[in-house]
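Trainee: Below is the file upload35.txt, which contains compact mmCIF, C-alpha atoms and all ligand atoms.
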# COMPACT_ATOMS: atom_id res chain seq x y z
CA MET M 1 -25.51 5.56 -8.24
CA LEU M 2 -22.52 3.51 -7.14
CA VAL M 3 -23.46 0.29 -5.32
CA ILE M 4 -20.98 -0.58 -2.56
CA ALA M 5 -21.08 -4.12 -1.19
CA HIS M 6 -21.29 -3.70 2.57
CA ARG M 7 -18.82 -6.20 4.10
CA GLY M 8 -19.25 -8.08 0.80
CA ALA M 9 -22.50 -9.79 -0.10
CA ARG M 10 -23.20 -10.25 3.60
CA GLU M 11 -26.90 -11.00 3.30
CA THR M 12 -26.13 -14.38 1.75
CA HIS M 13 -22.48 -15.05 2.62
CA PRO M 14 -20.31 -14.70 5.74
CA GLU M 15 -19.48 -11.01 6.05
CA ASN M 16 -15.95 -9.72 5.48
CA THR M 17 -14.75 -12.98 3.89
CA LEU M 18 -13.16 -13.61 0.51
CA LEU M 19 -16.27 -15.57 -0.48
CA ALA M 20 -18.56 -12.64 0.35
CA PHE M 21 -16.34 -10.31 -1.68
CA GLU M 22 -16.22 -12.67 -4.66
CA GLN M 23 -19.99 -13.07 -4.51
CA ALA M 24 -20.42 -9.28 -4.52
CA LEU M 25 -18.36 -9.03 -7.70
CA ALA M 26 -20.28 -11.92 -9.28
CA GLY M 27 -23.50 -10.02 -8.58
CA GLY M 28 -22.26 -6.98 -10.48
CA ALA M 29 -20.92 -4.81 -7.65
CA THR M 30 -17.72 -2.95 -8.46
CA ALA M 31 -17.07 -1.44 -5.03
CA ILE M 32 -16.57 -3.30 -1.76
CA GLU M 33 -16.46 -2.09 1.83
CA LEU M 34 -14.64 -4.00 4.57
CA ASP M 35 -13.57 -3.42 8.17
CA ILE M 36 -10.13 -3.92 9.68
CA HIS M 37 -8.64 -4.49 13.11
CA GLN M 38 -4.94 -4.58 13.83
CA HIS M 39 -3.71 -7.50 15.87
CA HIS M 40 -0.23 -9.03 16.26
CA GLY M 41 1.28 -6.84 13.53
CA GLU M 42 -1.38 -7.96 11.04
CA LEU M 43 -4.50 -6.23 9.70
CA TRP M 44 -7.51 -8.55 9.99
CA VAL M 45 -10.67 -8.10 7.99
CA ILE M 46 -13.35 -8.29 10.65
CA HIS M 47 -16.02 -5.88 11.89
CA ASP M 48 -16.06 -6.59 15.63
CA SER M 49 -13.17 -6.60 18.09
CA TRP M 50 -14.58 -9.92 19.40
CA VAL M 51 -14.83 -13.01 17.21
CA ASN M 52 -18.10 -14.35 18.69
CA ARG M 53 -20.65 -12.98 16.21
CA THR M 54 -18.89 -13.96 12.99
CA THR M 55 -16.90 -17.11 13.82
CA ASN M 56 -17.11 -20.29 15.90
CA GLY M 57 -14.66 -18.77 18.39
CA SER M 58 -15.23 -16.82 21.55
CA GLY M 59 -13.38 -13.84 22.97
CA PRO M 60 -11.60 -10.67 21.87
CA LEU M 61 -9.16 -10.79 18.97
CA ASN M 62 -6.22 -10.18 21.27
CA TRP M 63 -6.81 -13.46 23.09
CA PHE M 64 -5.85 -15.33 19.91
CA SER M 65 -2.49 -16.17 18.43
CA LEU M 66 -2.13 -15.68 14.67
CA GLU M 67 -2.39 -19.43 14.16
CA LYS M 68 -5.55 -19.76 16.27
CA LEU M 69 -7.24 -16.82 14.54
CA LYS M 70 -6.53 -18.38 11.16
CA LYS M 71 -8.19 -21.62 12.24
CA LEU M 72 -11.50 -20.02 13.28
CA ASP M 73 -14.48 -21.00 11.15
CA ALA M 74 -16.32 -17.99 9.69
CA GLY M 75 -18.92 -20.16 7.92
CA GLN M 76 -19.26 -21.67 4.44
CA GLY M 77 -15.64 -22.82 4.56
CA GLU M 78 -14.32 -19.31 5.16
CA HIS M 79 -11.93 -17.87 7.73
CA ILE M 80 -11.03 -14.33 8.79
CA PRO M 81 -8.87 -12.97 5.96
CA THR M 82 -5.97 -10.62 6.42
CA LEU M 83 -6.00 -7.38 4.46
CA LYS M 84 -3.06 -8.61 2.36
CA GLU M 85 -4.91 -11.81 1.44
CA THR M 86 -7.89 -9.67 0.48
CA PHE M 87 -5.79 -7.41 -1.74
CA GLN M 88 -4.29 -10.49 -3.42
CA SER M 89 -7.69 -12.07 -3.96
CA LEU M 90 -9.43 -8.95 -5.31
CA SER M 91 -6.39 -7.95 -7.33
CA GLY M 92 -7.53 -4.53 -8.51
CA ARG M 93 -10.91 -5.72 -9.76
CA CYS M 94 -12.96 -3.26 -7.69
CA ALA M 95 -12.98 -0.02 -5.78
CA LEU M 96 -12.21 -0.78 -2.16
CA ASN M 97 -13.33 1.06 0.99
CA ILE M 98 -11.18 0.07 3.96
CA GLU M 99 -12.84 1.09 7.20
CA LEU M 100 -10.40 1.47 10.10
CA LYS M 101 -12.02 0.01 13.21
CA GLY M 102 -9.10 -0.87 15.48
CA MET M 103 -5.58 0.38 14.80
CA ASP M 104 -2.56 1.92 16.46
CA ASP M 105 0.19 1.61 13.86
CA MET M 106 -0.31 3.97 10.95
CA ALA M 107 2.96 2.79 9.37
CA LEU M 108 1.46 -0.69 9.05
CA LEU M 109 -1.52 0.70 7.15
CA LEU M 110 0.76 2.72 4.85
CA GLU M 111 2.78 -0.41 4.14
CA HIS M 112 -0.46 -2.22 3.20
CA LEU M 113 -1.65 0.55 0.88
CA ASP M 114 1.72 0.50 -0.88
CA TYR M 115 1.50 -3.30 -1.13
CA ALA M 116 -1.95 -3.07 -2.76
CA ILE M 117 -0.62 -0.72 -5.40
CA THR M 118 2.77 -2.33 -5.98
CA HIS M 119 1.74 -5.99 -5.89
CA CYS M 120 -2.04 -6.28 -6.30
CA GLN M 121 -2.98 -4.10 -9.29
CA PHE M 122 -4.81 -1.44 -7.28
CA SER M 123 -4.43 2.28 -7.95
CA ASN M 124 -4.88 5.21 -5.58
CA GLU M 125 -8.12 5.97 -7.43
CA GLN M 126 -9.55 2.64 -6.27
CA LEU M 127 -8.68 2.87 -2.59
CA LEU M 128 -10.73 4.79 -0.04
CA VAL M 129 -9.94 4.71 3.68
CA SER M 130 -12.76 5.58 6.08
CA SER M 131 -13.19 5.79 9.81
CA PHE M 132 -15.32 7.22 12.57
CA ASN M 133 -11.96 8.13 14.13
CA HIS M 134 -11.22 11.38 12.30
CA HIS M 135 -7.86 11.77 14.05
CA TRP M 136 -6.62 8.66 12.24
CA LEU M 137 -7.87 10.09 8.95
CA ALA M 138 -6.08 13.39 9.56
CA GLU M 139 -2.87 11.50 10.28
CA LEU M 140 -3.26 9.38 7.15
CA ASN M 141 -3.90 12.47 5.04
CA ARG M 142 -0.78 14.12 6.46
CA LEU M 143 1.41 11.08 5.76
CA ARG M 144 -0.09 9.92 2.47
CA PRO M 145 -2.16 12.68 0.84
CA ALA M 146 -2.61 10.61 -2.35
CA THR M 147 -4.95 8.25 -0.48
CA LYS M 148 -8.61 9.20 -0.61
CA ILE M 149 -10.24 9.41 2.80
CA ALA M 150 -13.88 9.20 3.80
CA ALA M 151 -15.16 10.78 6.99
CA LEU M 152 -17.74 8.52 8.56
CA THR M 153 -20.55 10.08 10.54
CA ALA M 154 -23.72 8.95 12.20
CA ASN M 155 -24.53 12.57 13.09
CA LYS M 156 -25.73 15.71 11.34
CA PRO M 157 -23.19 18.19 12.74
CA ILE M 158 -24.03 21.86 13.41
CA GLY M 159 -21.41 22.77 10.78
CA LEU M 160 -22.90 20.19 8.37
CA CYS M 161 -19.99 18.84 6.27
CA GLN M 162 -17.39 21.35 7.39
CA PHE M 163 -15.63 18.65 9.42
CA ALA M 164 -15.04 16.58 6.27
CA GLU M 165 -13.75 19.54 4.28
CA GLN M 166 -11.33 20.30 7.13
CA LEU M 167 -10.09 16.71 6.90
CA ASN M 168 -9.50 17.14 3.16
CA ALA M 169 -11.83 14.17 2.70
CA TYR M 170 -13.00 12.79 -0.62
CA SER M 171 -16.42 11.84 0.75
CA ILE M 172 -18.71 11.78 3.72
CA ASN M 173 -19.98 8.29 4.48
CA VAL M 174 -23.14 8.96 6.38
CA ASP M 175 -25.84 7.00 8.20
CA ILE M 176 -29.17 6.75 6.39
CA ASP M 177 -30.90 7.84 9.61
CA VAL M 178 -29.39 11.34 9.50
CA VAL M 179 -28.68 12.17 5.86
CA ASP M 180 -31.00 14.71 4.27
CA SER M 181 -31.06 17.15 1.33
CA GLU M 182 -29.46 19.93 3.34
CA MET M 183 -26.49 17.72 4.19
CA VAL M 184 -26.12 16.43 0.63
CA GLN M 185 -26.26 19.94 -0.84
CA ASP M 186 -23.72 21.17 1.68
CA ALA M 187 -21.40 18.27 0.80
CA LYS M 188 -21.71 19.04 -2.93
CA MET M 189 -20.98 22.72 -2.33
CA ARG M 190 -17.75 21.66 -0.60
CA GLY M 191 -16.81 19.25 -3.41
CA LEU M 192 -17.45 16.12 -1.37
CA LYS M 193 -19.03 12.87 -2.52
CA VAL M 194 -21.82 11.39 -0.42
CA PHE M 195 -22.07 7.65 0.30
CA VAL M 196 -24.87 6.41 2.56
CA TYR M 197 -25.00 3.28 4.78
CA THR M 198 -26.74 0.87 5.07
CA VAL M 199 -29.44 1.00 2.40
CA ASN M 200 -31.30 -2.19 1.59
CA ARG M 201 -34.74 -1.05 0.37
CA PRO M 202 -35.63 0.09 -3.18
CA GLN M 203 -37.67 3.05 -1.92
CA ASP M 204 -34.58 4.32 -0.10
CA TRP M 205 -32.31 3.73 -3.12
CA GLN M 206 -34.66 5.87 -5.22
CA ARG M 207 -35.12 8.55 -2.56
CA LEU M 208 -31.36 8.91 -2.06
CA HIS M 209 -30.74 8.88 -5.81
CA ASN M 210 -33.24 11.75 -6.17
CA MET M 211 -31.43 13.57 -3.35
CA GLY M 212 -28.16 13.47 -5.30
CA VAL M 213 -26.34 10.84 -3.24
CA ASP M 214 -23.37 9.27 -5.08
CA GLY M 215 -23.36 5.76 -3.62
CA VAL M 216 -25.09 3.38 -1.24
CA PHE M 217 -23.72 0.59 0.94
CA CYS M 218 -25.88 -2.52 0.52
CA ASP M 219 -25.91 -5.93 2.22
CA ALA M 220 -27.36 -7.57 -0.92
CA PRO M 221 -25.51 -5.52 -3.56
CA SER M 222 -26.75 -7.47 -6.58
CA ASN M 223 -30.31 -6.31 -5.83
CA ALA M 224 -29.26 -2.68 -5.96
CA VAL M 225 -27.14 -3.24 -9.09
CA ASP M 226 -30.18 -4.76 -10.81
CA TYR M 227 -32.40 -1.90 -9.59
CA PHE M 228 -30.17 0.78 -11.12
CA SER M 229 -29.27 -1.17 -14.27
CA PRO M 230 -29.18 -0.35 -17.18
CA ASN M 231 -29.24 3.38 -16.37
CA THR M 232 -26.10 3.11 -14.24
CA VAL M 233 -22.94 1.32 -15.33
CA GLN M 234 -20.99 0.23 -12.26
CA ARG M 235 -17.25 0.94 -12.54
CA PRO M 236 -14.35 -0.28 -10.35
CA PHE M 237 -13.33 3.28 -9.39
CA TRP M 238 -14.65 5.89 -6.98
CA PRO M 239 -16.86 8.28 -8.96
O1 LIG T 301 -18.79 2.20 6.23
C1 LIG T 301 -20.17 2.22 6.40
C2 LIG T 301 -20.60 1.33 7.52
O2 LIG T 301 -20.00 0.09 7.34
C3 LIG T 301 -20.25 1.87 8.89
O3 LIG T 301 -20.85 1.15 9.93
O4 LIG T 301 -20.94 -0.54 11.70
O5 LIG T 301 -21.42 -1.22 9.39
O6 LIG T 301 -19.11 -0.66 10.07
P1 LIG T 301 -20.56 -0.38 10.29
CA CA T 302 -18.01 -0.91 8.04
Taking this structure as input, can you express it in the form of structure tokens?
Mentor:
Amino acid sequence: MLVIAHRGARETHPENTLLAFEQALAGGATAIELDIHQHHGELWVIHDSWVNRTTNGSGPLNWFSLEKLKKLDAGQGEHIPTLKETFQSLSGRCALNIELKGMDDMALLLEHLDYAITHCQFSNEQLLVSSFNHHWLAELNRLRPATKIAALTANKPIGLCQFAEQLNAYSINVDIDVVDSEMVQDAKMRGLKVFVYTVNRPQDWQRLHNMGVDGVFCDAPSNAVDYFSPNTVQRPFWP
């Protein structure tokens, strides 16, 4: 079972910050999930389109200049990182799931993926781009088929995982509230991996492991790493 640090080690550190990512690695995680929003020609690592919940600021991202965004306090001495800063900091040490939250310039994302590979020691095998917006994923797959994509869903569709196969996805990233054996078996039959969010309880880790799930997103990843160790060796690649 692959343990994926959900927005870093967010249970103990400010989510989606370099500190939370570093802490996840220190706790034994080898895969990290983060969220991005585009603003002012930059990709910012932040979950919400407003800064209120995770910083000392107030308002939507687009109210802020680059300089003002950089100065916001995200807690424990952290600020909102850009995706490039995150690539530089992680430097190929983990598998990375980039979730597209807010975006309108696919070329900017492509430029970032190239940057990660050319300058930050990442390989295509380590990068996974996910989104609930499947149109963005289809466009990404058309423009850069070497990039793995993950179709996010909080639903159990009538066609089960057909939507992900149509997208040429590597995985379905599915909500714990809807995933079941039928969905997992259907994904496997279509050659798709299954990653489940957000899973923080040992009984759920075990239940999903028994179901054949490939990975779980956790807010306290070191707990899940310890739970599965030593039977699972965590590796910095998608399985
Ligand atoms: O990628 C899995 C999960 O992060 C999706 O939901 O709201 O936590 O971004 P959310
Ligand atoms: Ca996310």
Trainee: So the first atom is CA of His37 (chain M) and the second is CA of Cys161 (chain M); what is the distance between them in Å, to one decimal place?
Mentor: 26.8 Å
Trainee: With only C-alpha atoms as the atoms that count, which of M:Ala95, M:Ala24, M:Asn210, M:Leu18 lies nearest to Thr82 (chain M)?
Mentor: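 Counting only C-alpha atoms, the residue closest to Thr82 (chain M) is M:Leu18.
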Trainee: For CA of Ala138 (chain M) and CA of Val199 (chain M), determine how far apart the two atoms are, in Å to one decimal place.
Mentor: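 If I compute the distance from CA of Ala138 (chain M) to CA of Val199 (chain M), I get 27.4 Å.
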Trainee: Find the residues near region 113-116 of chain M: any atom within 9 Å, counting only C-alpha atoms, skip ones fewer than 3 places away on the same chain, and give them as a ChimeraX atom specification.
Mentor: /M:84,87-88,91-92,108-110,119-124,127,147
Trainee: List the spatial neighbours of region 177-193 of chain M as a PyMOL selection string - criterion: any atom at most 12 Å away, all atoms listed in the file, same-chain residues fewer than 6 positions off excluded.
Mentor: chain M and resi 1-2+128+148-171+199+204+207-216+238-239
Trainee: Determine, using all atoms listed in the file, which residues of chain M have any atom at most 6 Å from an atom of ligand CA 302 (chain T), and tabulate each with its shortest atom pair and distance in Å to one decimal place, rows ordered by chain and then rising number, as a tab-separated table.
Mentor:
residue	atom	partner	partner_atom	distance
M:Leu34	CA	T:CA302	CA	5.7
M:Asp35	CA	T:CA302	CA	5.1
M:Glu99	CA	T:CA302	CA	5.6
Trainee: Could you give me the residues within 7 Å of ligand LIG 301 (chain T), counting only C-alpha atoms and all ligand atoms, as a PyMOL selection string?
Mentor: chain M and resi 6+33+35+47+99+130+152+173+197-198+217
Trainee: Export, as a PDB file, keeping the file's coordinate frame, the selected residues with C-alpha atoms.
Mentor:
ATOM      1  CA  HIS M   6     -21.290  -3.700   2.570  1.00  0.00           C
ATOM      2  CA  GLU M  33     -16.460  -2.090   1.830  1.00  0.00           C
ATOM      3  CA  ASP M  35     -13.570  -3.420   8.170  1.00  0.00           C
ATOM      4  CA  HIS M  47     -16.020  -5.880  11.890  1.00  0.00           C
ATOM      5  CA  GLU M  99     -12.840   1.090   7.200  1.00  0.00           C
ATOM      6  CA  SER M 130     -12.760   5.580   6.080  1.00  0.00           C
ATOM      7  CA  LEU M 152     -17.740   8.520   8.560  1.00  0.00           C
ATOM      8  CA  ASN M 173     -19.980   8.290   4.480  1.00  0.00           C
ATOM      9  CA  TYR M 197     -25.000   3.280   4.780  1.00  0.00           C
ATOM     10  CA  THR M 198     -26.740   0.870   5.070  1.00  0.00           C
ATOM     11  CA  PHE M 217     -23.720   0.590   0.940  1.00  0.00           C
TER      12      PHE M 217
END
Trainee: Can you work out which one of M:Ala220, M:Val174, M:Leu96, M:Leu69 has the shortest atom-to-atom distance to Leu43 (chain M), counting all atoms listed in the file?
Mentor: M:Leu69
Trainee: Give me, as a VMD selection string, all polymer residues having an atom no more than 8 Å from Trp136 (chain M), counting all atoms listed in the file and skipping those fewer than 4 positions away in the same chain.
Mentor: chain M and resid 106 131 140
Trainee: If you measure from CA of Val196 (chain M) to CA of Ile172 (chain M), what distance in Å do you get, rounded to one decimal?
Mentor: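 That distance, rounded to one decimal, is 8.3 Å.
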Trainee: Given the choices M:Ile80, M:Ile32, M:Val233, M:Leu61, which gets closest to Val129 (chain M) if the distance is worked out from only C-alpha atoms?
Mentor: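 Closest candidate: M:Ile32.
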Trainee: Please determine the residues with any atom at most 12 Å from (-17.0, -9.4, -10.0) (coordinates as given in the file, with all atoms listed in the file counting) and report them as JSON, numbers by chain.
Mentor: {"M": [5, 8, 9, 18, 19, 20, 21, 22, 23, 24, 25, 26, 27, 28, 29, 30, 31, 32, 89, 90, 91, 92, 93, 94, 95, 221, 222, 225, 234, 235, 236]}
Trainee: How big is the axis-aligned box around the listed atoms of region 49-62 of chain M once 5 Å is added on each side, and where is its centre? Give both in Å to one decimal, as AutoDock Vina command-line options.
Mentor:
--center_x -13.4 --center_y -13.4 --center_z 18.0 --size_x 24.4 --size_y 23.7 --size_z 20.0
